[in-house]
>>> print(open('query13.tsv').read())   # TSV, C-alpha atoms
chain	number	residue	atom	x	y	z
X	284	MET	CA	40.12	-14.52	3.13
X	285	THR	CA	37.76	-17.38	3.93
X	286	PRO	CA	34.78	-18.28	1.68
X	287	ASP	CA	32.44	-17.37	4.55
X	288	LYS	CA	34.01	-13.92	4.82
X	289	ARG	CA	33.84	-13.36	1.07
X	290	ALA	CA	30.17	-14.37	1.05
X	291	ASP	CA	29.44	-12.01	3.93
X	292	ILE	CA	31.12	-9.11	2.14
X	293	ALA	CA	29.27	-9.89	-1.08
X	294	ARG	CA	25.96	-9.88	0.76
X	295	LYS	CA	26.70	-6.47	2.28
X	296	ASP	CA	27.96	-4.99	-0.98
X	297	PRO	CA	25.20	-2.82	-2.52
X	298	SER	CA	26.71	-3.54	-5.94
X	299	GLY	CA	27.04	-7.28	-5.30
X	300	PRO	CA	25.36	-10.02	-7.34
X	301	GLU	CA	22.26	-10.32	-5.14
X	302	ALA	CA	21.61	-6.58	-5.29
X	303	ALA	CA	22.29	-6.55	-9.03
X	304	GLU	CA	19.74	-9.31	-9.60
X	305	ASP	CA	17.21	-7.38	-7.52
X	306	GLN	CA	17.84	-4.27	-9.62
X	307	VAL	CA	17.12	-6.20	-12.80
X	308	LEU	CA	13.87	-7.56	-11.36
X	309	VAL	CA	12.82	-4.15	-10.05
X	310	ARG	CA	13.42	-2.62	-13.47
X	311	ARG	CA	11.30	-5.32	-15.09
X	312	VAL	CA	8.47	-4.61	-12.64
X	313	GLN	CA	8.74	-0.88	-13.26
X	314	GLU	CA	8.48	-1.57	-16.99
X	315	GLY	CA	5.21	-3.42	-16.45
X	316	GLU	CA	6.28	-7.03	-16.00
X	317	ARG	CA	4.23	-7.84	-12.92
X	318	ASP	CA	5.37	-11.46	-12.75
X	319	ALA	CA	8.88	-10.25	-11.94
X	320	PHE	CA	7.58	-9.01	-8.60
X	321	THR	CA	6.69	-12.59	-7.69
X	322	LEU	CA	10.37	-13.42	-8.05
X	323	LEU	CA	11.26	-10.56	-5.70
X	324	VAL	CA	8.75	-11.88	-3.18
X	325	ARG	CA	10.30	-15.35	-3.32
X	326	ARG	CA	13.80	-13.94	-2.86
X	327	HIS	CA	12.96	-11.86	0.22
X	328	GLU	CA	9.84	-13.33	1.80
X	329	ARG	CA	11.72	-15.50	4.29
X	330	SER	CA	14.03	-12.80	5.65
X	331	VAL	CA	11.19	-10.26	5.96
X	332	TYR	CA	9.03	-12.87	7.65
X	333	TRP	CA	11.61	-13.52	10.37
X	334	ILE	CA	12.18	-9.83	10.99
X	335	LEU	CA	8.44	-9.31	11.42
X	336	HIS	CA	8.17	-12.41	13.58
X	337	GLY	CA	10.85	-11.04	15.88
X	338	ILE	CA	9.08	-7.69	16.22
X	339	LEU	CA	5.41	-8.68	16.36
X	340	GLN	CA	5.68	-12.12	18.00
X	341	ASN	CA	2.19	-13.02	16.83
X	342	GLN	CA	1.66	-15.33	13.86
X	343	ALA	CA	-1.57	-13.73	12.63
X	344	ASP	CA	-0.03	-10.25	12.79
X	345	VAL	CA	3.11	-11.44	11.04
X	346	GLU	CA	1.21	-12.97	8.13
X	347	GLU	CA	-1.00	-9.90	7.65
X	348	VAL	CA	1.85	-7.41	7.91
X	349	LEU	CA	3.98	-9.52	5.55
X	350	GLN	CA	1.26	-9.31	2.90
X	351	GLU	CA	0.71	-5.61	3.54
X	352	SER	CA	4.43	-4.92	3.26
X	353	PHE	CA	4.82	-6.61	-0.12
X	354	LEU	CA	1.62	-4.96	-1.36
X	355	LYS	CA	2.91	-1.55	-0.36
X	356	ALA	CA	6.27	-2.29	-1.98
X	357	PHE	CA	4.50	-3.24	-5.22
X	358	VAL	CA	2.30	-0.13	-5.17
X	359	HIS	CA	5.27	2.18	-4.59
X	360	ILE	CA	7.94	0.38	-6.61
X	361	GLN	CA	7.87	3.05	-9.31
X	362	GLY	CA	9.31	5.40	-6.73
X	363	PHE	CA	12.23	3.10	-5.94
X	364	ARG	CA	15.36	4.70	-7.39
X	365	GLY	CA	18.00	2.22	-6.27
X	366	GLU	CA	19.71	4.61	-3.85
X	367	ALA	CA	19.72	1.73	-1.35
X	368	ARG	CA	19.45	-2.01	-1.90
X	369	PHE	CA	15.95	-3.22	-2.66
X	370	SER	CA	16.13	-5.51	0.37
X	371	THR	CA	16.91	-2.52	2.61
X	372	TRP	CA	14.02	-0.53	1.15
X	373	LEU	CA	11.67	-3.49	1.56
X	374	THR	CA	12.78	-4.11	5.14
X	375	GLN	CA	12.15	-0.47	5.98
X	376	ILE	CA	8.60	-0.77	4.64
X	377	ALA	CA	8.03	-3.96	6.66
X	378	ILE	CA	9.29	-2.48	9.91
X	379	ASN	CA	7.18	0.64	9.45
X	380	GLU	CA	4.13	-1.54	8.85
X	381	ALA	CA	4.93	-3.57	11.97
X	382	ARG	CA	5.27	-0.41	14.03
X	383	MET	CA	1.91	0.85	12.78
X	384	ARG	CA	0.34	-2.47	13.68
X	385	LEU	CA	1.73	-2.23	17.22
X	386	ARG	CA	0.57	1.37	17.59
X	387	LYS	CA	-2.92	0.47	16.41
X	388	TYR	CA	-3.57	-2.77	18.25
X	389	ARG	CA	-1.10	-2.70	21.15
X	390	PRO	CA	-0.54	1.00	21.89
X	391	ALA	CA	0.35	0.56	25.55
X	392	LEU	CA	3.04	-2.00	24.71
X	393	TYR	CA	4.38	0.10	21.84
X	394	ASP	CA	4.53	3.34	23.82
X	395	SER	CA	6.30	1.70	26.72
X	396	LEU	CA	9.09	0.39	24.47
X	397	ASP	CA	9.30	3.16	21.90
X	398	GLU	CA	11.81	5.49	23.52
X	399	GLU	CA	15.38	5.25	24.69
X	400	PRO	CA	15.65	4.72	28.46
X	401	PRO	CA	15.72	7.97	30.46
X	402	GLU	CA	19.04	9.42	31.49
X	403	GLY	CA	20.62	7.31	34.19
X	404	LYS	CA	18.23	4.41	33.58
X	405	GLU	CA	20.05	2.68	30.76
X	406	PHE	CA	20.70	-1.04	30.91
X	407	ARG	CA	23.75	-1.92	32.97
X	408	PRO	CA	24.93	-5.55	32.62
X	409	ARG	CA	25.81	-7.45	35.74
X	410	GLU	CA	29.31	-8.75	36.26
X	411	LEU	CA	29.43	-12.28	34.86
X	412	ALA	CA	32.38	-13.87	36.60
X	413	ASP	CA	31.59	-17.45	35.58
X	414	TRP	CA	29.58	-18.33	32.47
X	415	ARG	CA	29.76	-22.06	33.18
X	416	PRO	CA	27.51	-23.00	36.08
X	417	ASN	CA	27.22	-26.54	34.73
X	418	PRO	CA	30.41	-27.79	33.02
X	419	GLU	CA	28.68	-30.95	31.79
X	420	GLU	CA	25.95	-29.04	29.98
X	421	ASP	CA	26.27	-28.95	26.23
X	422	LEU	CA	23.36	-27.40	24.38
X	423	SER	CA	22.15	-28.88	21.12
X	424	GLN	CA	21.52	-26.66	18.12
X	425	GLU	CA	17.78	-26.89	18.78
X	426	GLU	CA	18.20	-25.87	22.42
X	427	MET	CA	20.48	-23.02	21.42
X	428	ALA	CA	18.01	-21.76	18.82
X	429	ALA	CA	15.18	-21.88	21.34
X	430	LEU	CA	17.26	-19.98	23.91
X	431	LEU	CA	18.22	-17.36	21.36
X	432	GLN	CA	14.60	-16.88	20.33
X	433	ARG	CA	13.64	-16.39	23.98
X	434	ALA	CA	16.46	-13.89	24.43
X	435	ILE	CA	15.37	-11.90	21.37
X	436	ARG	CA	11.74	-11.91	22.49
X	437	ALA	CA	12.82	-10.56	25.87
X	438	LEU	CA	14.51	-7.51	24.32
X	439	PRO	CA	12.66	-4.17	24.37
X	440	ARG	CA	11.38	-3.42	20.87
X	441	ILE	CA	13.95	-0.79	19.91
X	442	TYR	CA	16.79	-3.14	20.78
X	443	ARG	CA	15.08	-6.16	19.25
X	444	GLU	CA	14.77	-4.36	15.92
X	445	VAL	CA	18.44	-3.43	15.67
X	446	PHE	CA	19.59	-6.88	16.87
X	447	LEU	CA	17.49	-8.59	14.21
X	448	LEU	CA	18.77	-6.32	11.45
X	449	ARG	CA	22.45	-6.42	12.40
X	450	ASP	CA	23.09	-9.81	13.99
X	451	VAL	CA	20.41	-11.94	12.33
X	452	GLU	CA	19.94	-10.38	8.89
X	453	ARG	CA	23.52	-9.06	8.80
X	454	LEU	CA	22.75	-5.58	7.53
X	455	THR	CA	25.50	-3.01	7.89
X	456	ASN	CA	25.25	-0.27	10.50
X	457	GLU	CA	24.44	2.21	7.73
X	458	GLU	CA	21.70	0.01	6.29
X	459	ALA	CA	20.17	-0.65	9.70
X	460	ALA	CA	20.23	3.07	10.47
X	461	THR	CA	18.41	3.78	7.21
X	462	VAL	CA	15.77	1.14	7.92
X	463	LEU	CA	15.19	2.35	11.48
X	464	ALA	CA	15.37	6.06	10.57
X	465	ILE	CA	18.00	6.73	13.24
X	466	SER	CA	21.64	7.81	13.13
X	467	VAL	CA	24.53	5.39	12.76
X	468	PRO	CA	25.84	6.24	16.26
X	469	ALA	CA	22.38	5.52	17.70
X	470	THR	CA	22.34	2.23	15.81
X	471	LYS	CA	25.69	1.23	17.29
X	472	THR	CA	24.58	2.22	20.79
X	473	ARG	CA	21.34	0.24	20.57
X	474	LEU	CA	23.17	-2.76	19.13
X	475	LEU	CA	25.70	-2.74	21.96
X	476	ARG	CA	22.92	-2.64	24.56
X	477	ALA	CA	21.00	-5.37	22.74
X	478	ARG	CA	24.05	-7.62	22.65
X	479	LEU	CA	24.70	-7.06	26.33
X	480	MET	CA	21.10	-7.93	27.17
X	481	VAL	CA	21.23	-11.08	25.04
X	482	ARG	CA	24.56	-12.02	26.56
X	483	GLU	CA	23.21	-11.68	30.08
X	484	PHE	CA	20.14	-13.75	29.19
X	485	LEU	CA	22.20	-16.54	27.63
X	486	ALA	CA	25.19	-16.53	29.97
X	487	PRO	CA	23.89	-19.00	32.58
X	488	HIS	CA	23.15	-21.57	29.88
X	489	LEU	CA	26.36	-21.54	27.91
X	490	ARG	CA	29.73	-23.19	28.32
X	491	THR	CA	31.37	-20.92	25.76
X	492	ARG	CA	30.88	-17.33	24.79
X	493	TRP	CA	27.52	-16.83	23.09
X	494	HIS	CA	28.94	-14.93	20.11
X	495	ASP	CA	31.40	-17.77	19.42
X	496	ARG	CA	28.52	-20.27	19.41
X	497	LEU	CA	26.46	-18.05	17.11
X	498	ARG	CA	29.36	-17.67	14.69
X	499	ARG	CA	29.94	-21.43	14.54
X	500	ARG	CA	26.23	-22.06	14.16
X	501	GLY	CA	26.02	-19.56	11.31
X	502	LYS	CA	28.96	-21.16	9.51
X	503	GLY	CA	27.41	-24.60	9.94
X	504	GLN	CA	24.15	-23.41	8.38
X	505	GLY	CA	26.10	-21.87	5.51
X	506	ARG	CA	27.84	-25.15	4.76
X	507	SER	CA	24.64	-27.15	4.99
X	508	GLY	CA	22.86	-24.77	2.66
>>> encode(input="query13.tsv", output="structure tokens")
Amino acid sequence: MTPDKRADIARKDPSGPEAAEDQVLVRRVQEGERDAFTLLVRRHERSVYWILHGILQNQADVEEVLQESFLKAFVHIQGFRGEARFSTWLTQIAINEARMRLRKYRPALYDSLDEEPPEGKEFRPRELADWRPNPEEDLSQEEMAALLQRAIRALPRIYREVFLLRDVERLTNEEAATVLAISVPATKTRLLRARLMVREFLAPHLRTRWHDRLRRRGKGQGRSG
């Protein structure tokens, strides 16, 4: 088993070292050590920020909802019983706060993207016979990141949420389902549709399969970190 694979499994393991450290910090906060919550914020602020950024796509909204999410987590941390990872619980709070922000300030946009497509209207990917319209093109990491961000922004909200949780934050299907308050089969269905939409968006720009590029890019970031 490769180091990357072992690290990925450890991250997903609810009893892994990261989750265990969170549990210790949560217990300290519950016992009255408020400074321990600052450590939890530092550990998870970046990942929650990027999830919110992907959903809200507005810097002012992201910053406000990020603060509101951590405040709500602090207020309700006594009720956290460790049945899920702290990061999963926190992410669920953040996504719920983001949804409320969209309902309040952008109700038309939220309502239009809140439901599954009607029967017979689901996304159907086009046949992509040739993914290499320009054999000389070779995208840089910066260009690839920009394209991926555009592809994610183009996703309907329900698919954007599950794509961010599964393919960006690397939550398991079960964890993503818990965060989104949907079933595991619904999570898998939405993820498949999201991946197909992203694939179709990226296909004209790529010389190799998009998921192969993403995997290599992720491994490169892991080594550089």
>>> residues_around(input="query13.tsv", residues="X:Glu328", least_positions_apart="4", cutoff="9 Å", atoms="all atoms listed in the file", output="PyMOL selection string")
chain X and resi 323-324+332-333+349+353
>>> closest_residue(input="query13.tsv", among="X:Lys387, X:Phe320, X:Arg482, X:Ala367", to="X:Ala460", atoms="all atoms listed in the file")
X:Ala367
>>> residues_around(input="query13.tsv", residues="X:Arg368", least_positions_apart="3", cutoff="8 Å", atoms="only C-alpha atoms", output="PyMOL selection string")
chain X and resi 297+302+365+371-372
>>> residues_around(input="query13.tsv", residues="stretch 430-433 of chain X", least_positions_apart="2", cutoff="9 Å", atoms="all atoms listed in the file", output="list in words")
Gly337, Glu425, Glu426, Met427, Ala428, Ile435, Arg436, Ala437, Leu438, Val481, Phe484, Leu485 and His488 of chain X
>>> residues_around(input="query13.tsv", residues="X:Asp344", least_positions_apart="4", cutoff="12 Å", atoms="only C-alpha atoms", output="list in words")
Tyr332, Leu335, His336, Gly337, Ile338, Leu339, Gln340, Val348, Leu349, Gln350, Glu351, Ser352, Ala377, Glu380, Ala381, Arg382, Met383, Arg384, Leu385, Lys387, Tyr388 and Arg389 of chain X
>>> atom_distance(input="query13.tsv", atom1="atom CA of X:Val309", atom2="atom CA of X:Ala343")
28.5 Å
>>> atom_distance(input="query13.tsv", atom1="atom CA of X:Tyr442", atom2="atom CA of X:Lys355")
25.3 Å
>>> atom_distance(input="query13.tsv", atom1="atom CA of X:Gln361", atom2="atom CA of X:Leu454")
24.1 Å
>>> closest_residue(input="query13.tsv", among="X:Pro439, X:Pro487, X:Pro468, X:Gly362", to="X:Arg310", atoms="only C-alpha atoms")
X:Gly362
>>> closest_residue(input="query13.tsv", among="X:Arg311, X:Ala429, X:Arg326, X:Ile334", to="X:Arg453", atoms="all atoms listed in the file")
X:Ile334
>>> residues_around(input="query13.tsv", residues="X:Ile360", least_positions_apart="2", cutoff="8 Å", atoms="only C-alpha atoms", output="short mmCIF file (atom, residue, chain, number, x, y, z; two decimals) with C-alpha atoms, keeping the file's coordinate frame")
data_model
loop_
_atom_site.label_atom_id
_atom_site.label_comp_id
_atom_site.auth_asym_id
_atom_site.auth_seq_id
_atom_site.Cartn_x
_atom_site.Cartn_y
_atom_site.Cartn_z
CA VAL X 309 12.82 -4.15 -10.05
CA VAL X 312 8.47 -4.61 -12.64
CA GLN X 313 8.74 -0.88 -13.26
CA ALA X 356 6.27 -2.29 -1.98
CA PHE X 357 4.50 -3.24 -5.22
CA VAL X 358 2.30 -0.13 -5.17
CA GLY X 362 9.31 5.40 -6.73
CA PHE X 363 12.23 3.10 -5.94
#
>>> closest_residue(input="query13.tsv", among="X:Asp450, X:Glu346, X:Glu316, X:Glu444", to="X:Val462", atoms="all atoms listed in the file")
X:Glu444
>>> closest_residue(input="query13.tsv", among="X:Gln342, X:Ser370, X:Thr321, X:Thr470", to="X:Asn456", atoms="all atoms listed in the file")
X:Thr470
>>> decode(input="query13.tsv", residues="stretch 438-450 of chain X", atoms="N, CA and C atoms", output="short mmCIF file (atom, residue, chain, number, x, y, z; two decimals), in the first residue's frame")
data_model
loop_
_atom_site.label_atom_id
_atom_site.label_comp_id
_atom_site.auth_asym_id
_atom_site.auth_seq_id
_atom_site.Cartn_x
_atom_site.Cartn_y
_atom_site.Cartn_z
N LEU X 438 -21.68 23.91 -11.56
CA LEU X 438 -22.56 22.84 -11.11
C LEU X 438 -23.78 23.41 -10.39
N PRO X 439 -24.97 22.83 -10.58
CA PRO X 439 -26.11 23.16 -9.72
C PRO X 439 -25.74 22.88 -8.26
N ARG X 440 -26.35 23.62 -7.35
CA ARG X 440 -25.93 23.59 -5.95
C ARG X 440 -25.89 22.18 -5.36
N ILE X 441 -26.94 21.38 -5.60
CA ILE X 441 -26.97 20.07 -4.96
C ILE X 441 -25.84 19.17 -5.43
N TYR X 442 -25.40 19.36 -6.65
CA TYR X 442 -24.28 18.57 -7.15
C TYR X 442 -22.95 19.18 -6.73
N ARG X 443 -22.92 20.50 -6.63
CA ARG X 443 -21.70 21.17 -6.18
C ARG X 443 -21.37 20.76 -4.75
N GLU X 444 -22.38 20.69 -3.90
CA GLU X 444 -22.15 20.31 -2.50
C GLU X 444 -21.51 18.93 -2.40
N VAL X 445 -22.10 17.96 -3.08
CA VAL X 445 -21.60 16.59 -2.93
C VAL X 445 -20.23 16.45 -3.59
N PHE X 446 -19.97 17.15 -4.68
CA PHE X 446 -18.66 17.10 -5.33
C PHE X 446 -17.59 17.67 -4.39
N LEU X 447 -17.89 18.79 -3.76
CA LEU X 447 -16.93 19.38 -2.83
C LEU X 447 -16.62 18.45 -1.66
N LEU X 448 -17.66 17.83 -1.11
CA LEU X 448 -17.46 16.97 0.05
C LEU X 448 -16.70 15.69 -0.31
N ARG X 449 -17.05 15.08 -1.43
CA ARG X 449 -16.45 13.79 -1.78
C ARG X 449 -15.11 13.93 -2.51
N ASP X 450 -15.06 14.78 -3.53
CA ASP X 450 -13.87 14.78 -4.39
C ASP X 450 -12.86 15.87 -4.02
#
